[in-house]
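Student: PDB, N, CA and C atoms, saved as entry37.pdb, coming up:
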ATOM      1  N   MET A   1     -78.908 -87.362  17.819
ATOM      2  CA  MET A   1     -77.926 -86.364  18.075
ATOM      3  C   MET A   1     -77.132 -86.813  19.290
ATOM      4  N   ALA A   2     -75.899 -86.368  19.337
ATOM      5  CA  ALA A   2     -75.053 -86.647  20.490
ATOM      6  C   ALA A   2     -74.428 -85.351  20.974
ATOM      7  N   THR A   3     -74.295 -85.230  22.288
ATOM      8  CA  THR A   3     -73.579 -84.108  22.873
ATOM      9  C   THR A   3     -72.517 -84.661  23.805
ATOM     10  N   TYR A   4     -71.398 -83.974  23.861
ATOM     11  CA  TYR A   4     -70.314 -84.367  24.765
ATOM     12  C   TYR A   4     -69.841 -83.136  25.499
ATOM     13  N   ASP A   5     -69.832 -83.212  26.812
ATOM     14  CA  ASP A   5     -69.360 -82.121  27.643
ATOM     15  C   ASP A   5     -68.201 -82.649  28.480
ATOM     16  N   LYS A   6     -67.010 -82.213  28.136
ATOM     17  CA  LYS A   6     -65.810 -82.695  28.819
ATOM     18  C   LYS A   6     -65.839 -82.371  30.306
ATOM     19  N   THR A   7     -66.385 -81.199  30.674
ATOM     20  CA  THR A   7     -66.398 -80.818  32.088
ATOM     21  C   THR A   7     -67.295 -81.743  32.906
ATOM     22  N   GLU A   8     -68.376 -82.228  32.306
ATOM     23  CA  GLU A   8     -69.249 -83.203  32.975
ATOM     24  C   GLU A   8     -68.730 -84.621  32.814
ATOM     25  N   GLY A   9     -67.940 -84.850  31.758
ATOM     26  CA  GLY A   9     -67.482 -86.199  31.452
ATOM     27  C   GLY A   9     -68.614 -87.098  30.975
ATOM     28  N   LYS A  10     -69.564 -86.500  30.231
ATOM     29  CA  LYS A  10     -70.732 -87.272  29.796
ATOM     30  C   LYS A  10     -70.983 -87.122  28.300
ATOM     31  N   LEU A  11     -71.292 -88.234  27.672
ATOM     32  CA  LEU A  11     -71.755 -88.279  26.294
ATOM     33  C   LEU A  11     -73.245 -88.596  26.366
ATOM     34  N   LYS A  12     -74.068 -87.750  25.757
ATOM     35  CA  LYS A  12     -75.514 -87.947  25.801
ATOM     36  C   LYS A  12     -76.041 -88.167  24.392
ATOM     37  N   ILE A  13     -76.955 -89.117  24.257
ATOM     38  CA  ILE A  13     -77.584 -89.434  22.979
ATOM     39  C   ILE A  13     -79.028 -88.941  23.026
ATOM     40  N   TRP A  14     -79.418 -88.199  21.991
ATOM     41  CA  TRP A  14     -80.749 -87.615  21.898
ATOM     42  C   TRP A  14     -81.448 -88.137  20.644
ATOM     43  N   VAL A  15     -82.725 -88.482  20.770
ATOM     44  CA  VAL A  15     -83.539 -88.905  19.630
ATOM     45  C   VAL A  15     -84.857 -88.153  19.707
ATOM     46  N   ASP A  16     -85.184 -87.430  18.649
ATOM     47  CA  ASP A  16     -86.422 -86.657  18.571
ATOM     48  C   ASP A  16     -86.603 -85.721  19.770
ATOM     49  N   GLY A  17     -85.513 -85.108  20.206
ATOM     50  CA  GLY A  17     -85.579 -84.124  21.274
ATOM     51  C   GLY A  17     -85.587 -84.686  22.681
ATOM     52  N   PHE A  18     -85.483 -86.002  22.827
ATOM     53  CA  PHE A  18     -85.484 -86.623  24.144
ATOM     54  C   PHE A  18     -84.155 -87.331  24.391
ATOM     55  N   GLN A  19     -83.615 -87.170  25.583
ATOM     56  CA  GLN A  19     -82.379 -87.858  25.918
ATOM     57  C   GLN A  19     -82.683 -89.344  26.095
ATOM     58  N   ARG A  20     -81.982 -90.186  25.334
ATOM     59  CA  ARG A  20     -82.226 -91.627  25.360
ATOM     60  C   ARG A  20     -81.151 -92.402  26.118
ATOM     61  N   ASP A  21     -79.944 -91.834  26.207
ATOM     62  CA  ASP A  21     -78.861 -92.545  26.881
ATOM     63  C   ASP A  21     -77.823 -91.539  27.345
ATOM     64  N   GLU A  22     -77.008 -91.962  28.296
ATOM     65  CA  GLU A  22     -75.940 -91.128  28.818
ATOM     66  C   GLU A  22     -74.816 -92.058  29.262
ATOM     67  N   ARG A  23     -73.595 -91.725  28.878
ATOM     68  CA  ARG A  23     -72.435 -92.534  29.237
ATOM     69  C   ARG A  23     -71.335 -91.665  29.802
ATOM     70  N   ALA A  24     -70.649 -92.165  30.805
ATOM     71  CA  ALA A  24     -69.478 -91.489  31.335
ATOM     72  C   ALA A  24     -68.311 -91.767  30.397
ATOM     73  N   VAL A  25     -67.630 -90.718  29.959
ATOM     74  CA  VAL A  25     -66.480 -90.860  29.065
ATOM     75  C   VAL A  25     -65.387 -89.894  29.513
ATOM     76  N   THR A  26     -64.173 -90.174  29.094
ATOM     77  CA  THR A  26     -63.056 -89.285  29.412
ATOM     78  C   THR A  26     -62.273 -88.998  28.143
ATOM     79  N   GLY A  27     -61.461 -87.965  28.203
ATOM     80  CA  GLY A  27     -60.584 -87.656  27.081
ATOM     81  C   GLY A  27     -61.076 -86.490  26.257
ATOM     82  N   ASN A  28     -60.318 -86.207  25.237
ATOM     83  CA  ASN A  28     -60.615 -85.098  24.337
ATOM     84  C   ASN A  28     -61.147 -85.618  23.016
ATOM     85  N   ILE A  29     -61.953 -84.811  22.373
ATOM     86  CA  ILE A  29     -62.378 -85.105  21.012
ATOM     87  C   ILE A  29     -61.220 -84.726  20.101
ATOM     88  N   VAL A  30     -60.883 -85.581  19.183
ATOM     89  CA  VAL A  30     -59.760 -85.335  18.290
ATOM     90  C   VAL A  30     -60.114 -84.213  17.327
ATOM     91  N   VAL A  31     -59.256 -83.229  17.238
ATOM     92  CA  VAL A  31     -59.444 -82.117  16.311
ATOM     93  C   VAL A  31     -58.712 -82.452  15.025
ATOM     94  N   SER A  32     -59.384 -82.227  13.909
ATOM     95  CA  SER A  32     -58.817 -82.576  12.618
ATOM     96  C   SER A  32     -59.091 -81.468  11.616
ATOM     97  N   ALA A  33     -58.177 -81.294  10.692
ATOM     98  CA  ALA A  33     -58.393 -80.360   9.591
ATOM     99  C   ALA A  33     -58.946 -81.094   8.372
ATOM    100  N   GLY A  34     -59.209 -82.383   8.539
ATOM    101  CA  GLY A  34     -59.718 -83.192   7.437
ATOM    102  C   GLY A  34     -61.181 -82.895   7.141
ATOM    103  N   THR A  35     -61.691 -83.477   6.093
ATOM    104  CA  THR A  35     -63.066 -83.309   5.662
ATOM    105  C   THR A  35     -64.015 -84.011   6.618
ATOM    106  N   LEU A  36     -65.114 -83.349   6.966
ATOM    107  CA  LEU A  36     -66.150 -83.945   7.791
ATOM    108  C   LEU A  36     -67.152 -84.638   6.876
ATOM    109  N   TYR A  37     -67.361 -85.920   7.094
ATOM    110  CA  TYR A  37     -68.343 -86.677   6.327
ATOM    111  C   TYR A  37     -69.524 -86.979   7.232
ATOM    112  N   ILE A  38     -70.714 -86.648   6.798
ATOM    113  CA  ILE A  38     -71.928 -86.959   7.537
ATOM    114  C   ILE A  38     -72.645 -88.060   6.786
ATOM    115  N   GLY A  39     -72.762 -89.203   7.432
ATOM    116  CA  GLY A  39     -73.423 -90.345   6.802
ATOM    117  C   GLY A  39     -72.494 -91.179   5.945
ATOM    118  N   GLY A  40     -71.199 -90.955   6.052
ATOM    119  CA  GLY A  40     -70.276 -91.732   5.244
ATOM    120  C   GLY A  40     -68.899 -91.797   5.852
ATOM    121  N   ASN A  41     -68.172 -92.796   5.433
ATOM    122  CA  ASN A  41     -66.806 -93.000   5.894
ATOM    123  C   ASN A  41     -65.972 -93.323   4.665
ATOM    124  N   GLN A  42     -65.286 -92.328   4.151
ATOM    125  CA  GLN A  42     -64.540 -92.518   2.910
ATOM    126  C   GLN A  42     -63.450 -93.570   3.061
ATOM    127  N   PHE A  43     -62.784 -93.605   4.204
ATOM    128  CA  PHE A  43     -61.682 -94.547   4.401
ATOM    129  C   PHE A  43     -62.157 -95.993   4.303
ATOM    130  N   TRP A  44     -63.252 -96.317   4.972
ATOM    131  CA  TRP A  44     -63.774 -97.691   4.978
ATOM    132  C   TRP A  44     -64.805 -97.941   3.885
ATOM    133  N   GLY A  45     -65.228 -96.902   3.185
ATOM    134  CA  GLY A  45     -66.231 -97.077   2.125
ATOM    135  C   GLY A  45     -67.612 -97.388   2.678
ATOM    136  N   GLU A  46     -67.895 -96.937   3.886
ATOM    137  CA  GLU A  46     -69.194 -97.177   4.500
ATOM    138  C   GLU A  46     -70.047 -95.928   4.345
ATOM    139  N   TYR A  47     -71.234 -96.084   3.802
ATOM    140  CA  TYR A  47     -72.107 -94.938   3.574
ATOM    141  C   TYR A  47     -73.528 -95.270   3.987
ATOM    142  N   PHE A  48     -74.182 -94.292   4.618
ATOM    143  CA  PHE A  48     -75.566 -94.433   5.047
ATOM    144  C   PHE A  48     -76.468 -94.486   3.828
ATOM    145  N   ASN A  49     -77.364 -95.454   3.784
ATOM    146  CA  ASN A  49     -78.287 -95.612   2.666
ATOM    147  C   ASN A  49     -79.650 -95.072   3.099
ATOM    148  N   GLY A  50     -79.848 -93.784   2.920
ATOM    149  CA  GLY A  50     -81.099 -93.161   3.322
ATOM    150  C   GLY A  50     -80.989 -91.656   3.212
ATOM    151  N   LEU A  51     -81.857 -90.951   3.903
ATOM    152  CA  LEU A  51     -81.871 -89.493   3.867
ATOM    153  C   LEU A  51     -81.438 -88.946   5.223
ATOM    154  N   ILE A  52     -80.642 -87.905   5.193
ATOM    155  CA  ILE A  52     -80.221 -87.211   6.403
ATOM    156  C   ILE A  52     -80.610 -85.753   6.221
ATOM    157  N   ASP A  53     -81.279 -85.187   7.229
ATOM    158  CA  ASP A  53     -81.630 -83.772   7.147
ATOM    159  C   ASP A  53     -81.457 -83.120   8.516
ATOM    160  N   ASN A  54     -81.533 -81.808   8.523
ATOM    161  CA  ASN A  54     -81.434 -81.028   9.757
ATOM    162  C   ASN A  54     -80.145 -81.292  10.530
ATOM    163  N   VAL A  55     -79.033 -81.234   9.848
ATOM    164  CA  VAL A  55     -77.741 -81.430  10.493
ATOM    165  C   VAL A  55     -77.229 -80.088  11.008
ATOM    166  N   ARG A  56     -76.822 -80.068  12.262
ATOM    167  CA  ARG A  56     -76.237 -78.869  12.874
ATOM    168  C   ARG A  56     -75.012 -79.297  13.668
ATOM    169  N   ILE A  57     -73.976 -78.488  13.602
ATOM    170  CA  ILE A  57     -72.740 -78.791  14.313
ATOM    171  C   ILE A  57     -72.380 -77.593  15.179
ATOM    172  N   TYR A  58     -72.110 -77.848  16.432
ATOM    173  CA  TYR A  58     -71.765 -76.793  17.390
ATOM    174  C   TYR A  58     -70.410 -77.106  18.014
ATOM    175  N   ASN A  59     -69.776 -76.079  18.537
ATOM    176  CA  ASN A  59     -68.487 -76.265  19.211
ATOM    177  C   ASN A  59     -68.650 -76.308  20.727
ATOM    178  N   ARG A  60     -69.856 -76.623  21.164
ATOM    179  CA  ARG A  60     -70.153 -76.727  22.593
ATOM    180  C   ARG A  60     -71.356 -77.644  22.783
ATOM    181  N   ALA A  61     -71.517 -78.147  23.997
ATOM    182  CA  ALA A  61     -72.699 -78.957  24.304
ATOM    183  C   ALA A  61     -73.907 -78.047  24.446
ATOM    184  N   LEU A  62     -75.037 -78.463  23.900
ATOM    185  CA  LEU A  62     -76.267 -77.680  23.998
ATOM    186  C   LEU A  62     -77.066 -78.106  25.222
ATOM    187  N   GLY A  63     -77.776 -77.160  25.785
ATOM    188  CA  GLY A  63     -78.699 -77.470  26.869
ATOM    189  C   GLY A  63     -80.011 -77.990  26.314
ATOM    190  N   ILE A  64     -80.845 -78.560  27.173
ATOM    191  CA  ILE A  64     -82.100 -79.151  26.730
ATOM    192  C   ILE A  64     -83.008 -78.125  26.057
ATOM    193  N   ALA A  65     -83.048 -76.899  26.552
ATOM    194  CA  ALA A  65     -83.904 -75.873  25.934
ATOM    195  C   ALA A  65     -83.452 -75.564  24.508
ATOM    196  N   GLU A  66     -82.132 -75.511  24.288
ATOM    197  CA  GLU A  66     -81.612 -75.259  22.940
ATOM    198  C   GLU A  66     -81.924 -76.423  22.009
ATOM    199  N   ILE A  67     -81.821 -77.629  22.513
ATOM    200  CA  ILE A  67     -82.123 -78.809  21.694
ATOM    201  C   ILE A  67     -83.594 -78.812  21.301
ATOM    202  N   GLU A  68     -84.466 -78.518  22.255
ATOM    203  CA  GLU A  68     -85.895 -78.482  21.955
ATOM    204  C   GLU A  68     -86.225 -77.385  20.943
ATOM    205  N   THR A  69     -85.596 -76.221  21.081
ATOM    206  CA  THR A  69     -85.811 -75.129  20.121
ATOM    207  C   THR A  69     -85.325 -75.533  18.740
ATOM    208  N   ASN A  70     -84.136 -76.135  18.657
ATOM    209  CA  ASN A  70     -83.599 -76.561  17.362
ATOM    210  C   ASN A  70     -84.480 -77.588  16.688
ATOM    211  N   GLN A  71     -85.084 -78.452  17.461
ATOM    212  CA  GLN A  71     -85.956 -79.489  16.892
ATOM    213  C   GLN A  71     -87.126 -78.870  16.147
ATOM    214  N   LEU A  72     -87.579 -77.719  16.613
ATOM    215  CA  LEU A  72     -88.762 -77.080  16.018
ATOM    216  C   LEU A  72     -88.426 -75.952  15.064
ATOM    217  N   THR A  73     -87.138 -75.618  14.907
ATOM    218  CA  THR A  73     -86.731 -74.507  14.058
ATOM    219  C   THR A  73     -86.076 -75.016  12.785
ATOM    220  N   PRO A  74     -86.676 -74.739  11.621
ATOM    221  CA  PRO A  74     -86.077 -75.205  10.370
ATOM    222  C   PRO A  74     -84.735 -74.538  10.105
ATOM    223  N   ILE A  75     -83.870 -75.253   9.432
ATOM    224  CA  ILE A  75     -82.587 -74.693   8.982
ATOM    225  C   ILE A  75     -82.862 -73.953   7.686
ATOM    226  N   GLN A  76     -82.342 -72.733   7.584
ATOM    227  CA  GLN A  76     -82.611 -71.940   6.382
ATOM    228  C   GLN A  76     -81.398 -71.846   5.518
TER     229      GLN A  76
END
Show me this structure written as structure tokens.

Tutor:
Amino acid sequence: MATYDKTEGKLKIWVDGFQRDERAVTGNIVVSAGTLYIGGNQFWGEYFNGLIDNVRIYNRALGIAEIETNQLTPIQ
């Protein structure tokens, strides 16, 4: 999972509920009305060969407590 908080200027990478990396970044995330593809890129024809589950999308950066709760809470 990745979180980006513009006010902090940080992109954080999370794996299995633990923060694995953090990078300083600037700028805005591009807003699009186009289709969101998870595990695929229609333009380049690149697609993930495997299983993806427990996908959640938020319009804000989550705190560590929320990430830990989400890791243990099934999507219904």

Student: Which residue out of A:Lys6, A:Thr35, A:Gly17, A:Ile75 has the minimum interatomic distance to Val55 in chain A when only N, CA and C atoms are used?

Tutor: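 Under the stated criterion, the closest residue is A:Ile75.
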
Student: What are the centre and edge lengths in Å, to one decimal, of the axis-aligned box around all listed atoms of range 41-47 of chain A with 5 Å added on each side, as lines of an AutoDock Vina configuration file?

Tutor:
center_x = -67.6
center_y = -95.1
center_z = 4.0
size_x = 21.8
size_y = 15.6
size_z = 13.8

Student: To one decimal place, how far is atom C of Trp14 in chain A from CA of Thr26 in chain A in Å?

Tutor: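 Value for the atom C of Trp14 in chain A-CA of Thr26 in chain A distance: 20.4 Å.
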
Student: Starting from the displayed file, determine the output of the PyMOL selection byres (((chain A and resi 12 and name CA) around 7) and name CA) and express the residue list as a VMD selection string.

Tutor: chain A and resid 2 to 4 10 to 11 13 to 14 19 21 to 23

Student: Of the residues A:Asn28, A:Arg60, A:Gln42, A:Ala33, which is the one nearest to Gly9 in chain A, using only C-alpha atoms?

Tutor: A:Asn28

Student: Using DSSP secondary structure from the backbone, list all strand (DSSP E) positions within chain A, as a PyMOL selection string.

Tutor: chain A and resi 2-5+10-15+18-24+40-41+46-47

Student: To one decimal place in Å, what is the distance between atom N of Thr73 in chain A and atom C of Asn54 in chain A?

Tutor: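 Between these atoms lies a distance of 10.0 Å.
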
Student: Just how far from CA of Phe18 in chain A is CA of Asn49 in chain A, in Å to one decimal?

Tutor: 24.4 Å

Student: Which neighbours of Gln71 in chain A fall inside 7 Å, counting only N, CA and C atoms, when residues of the same chain fewer than 4 positions from it are skipped, and could you give them as a PyMOL selection string?

Tutor: chain A and resi 16-17+66-67
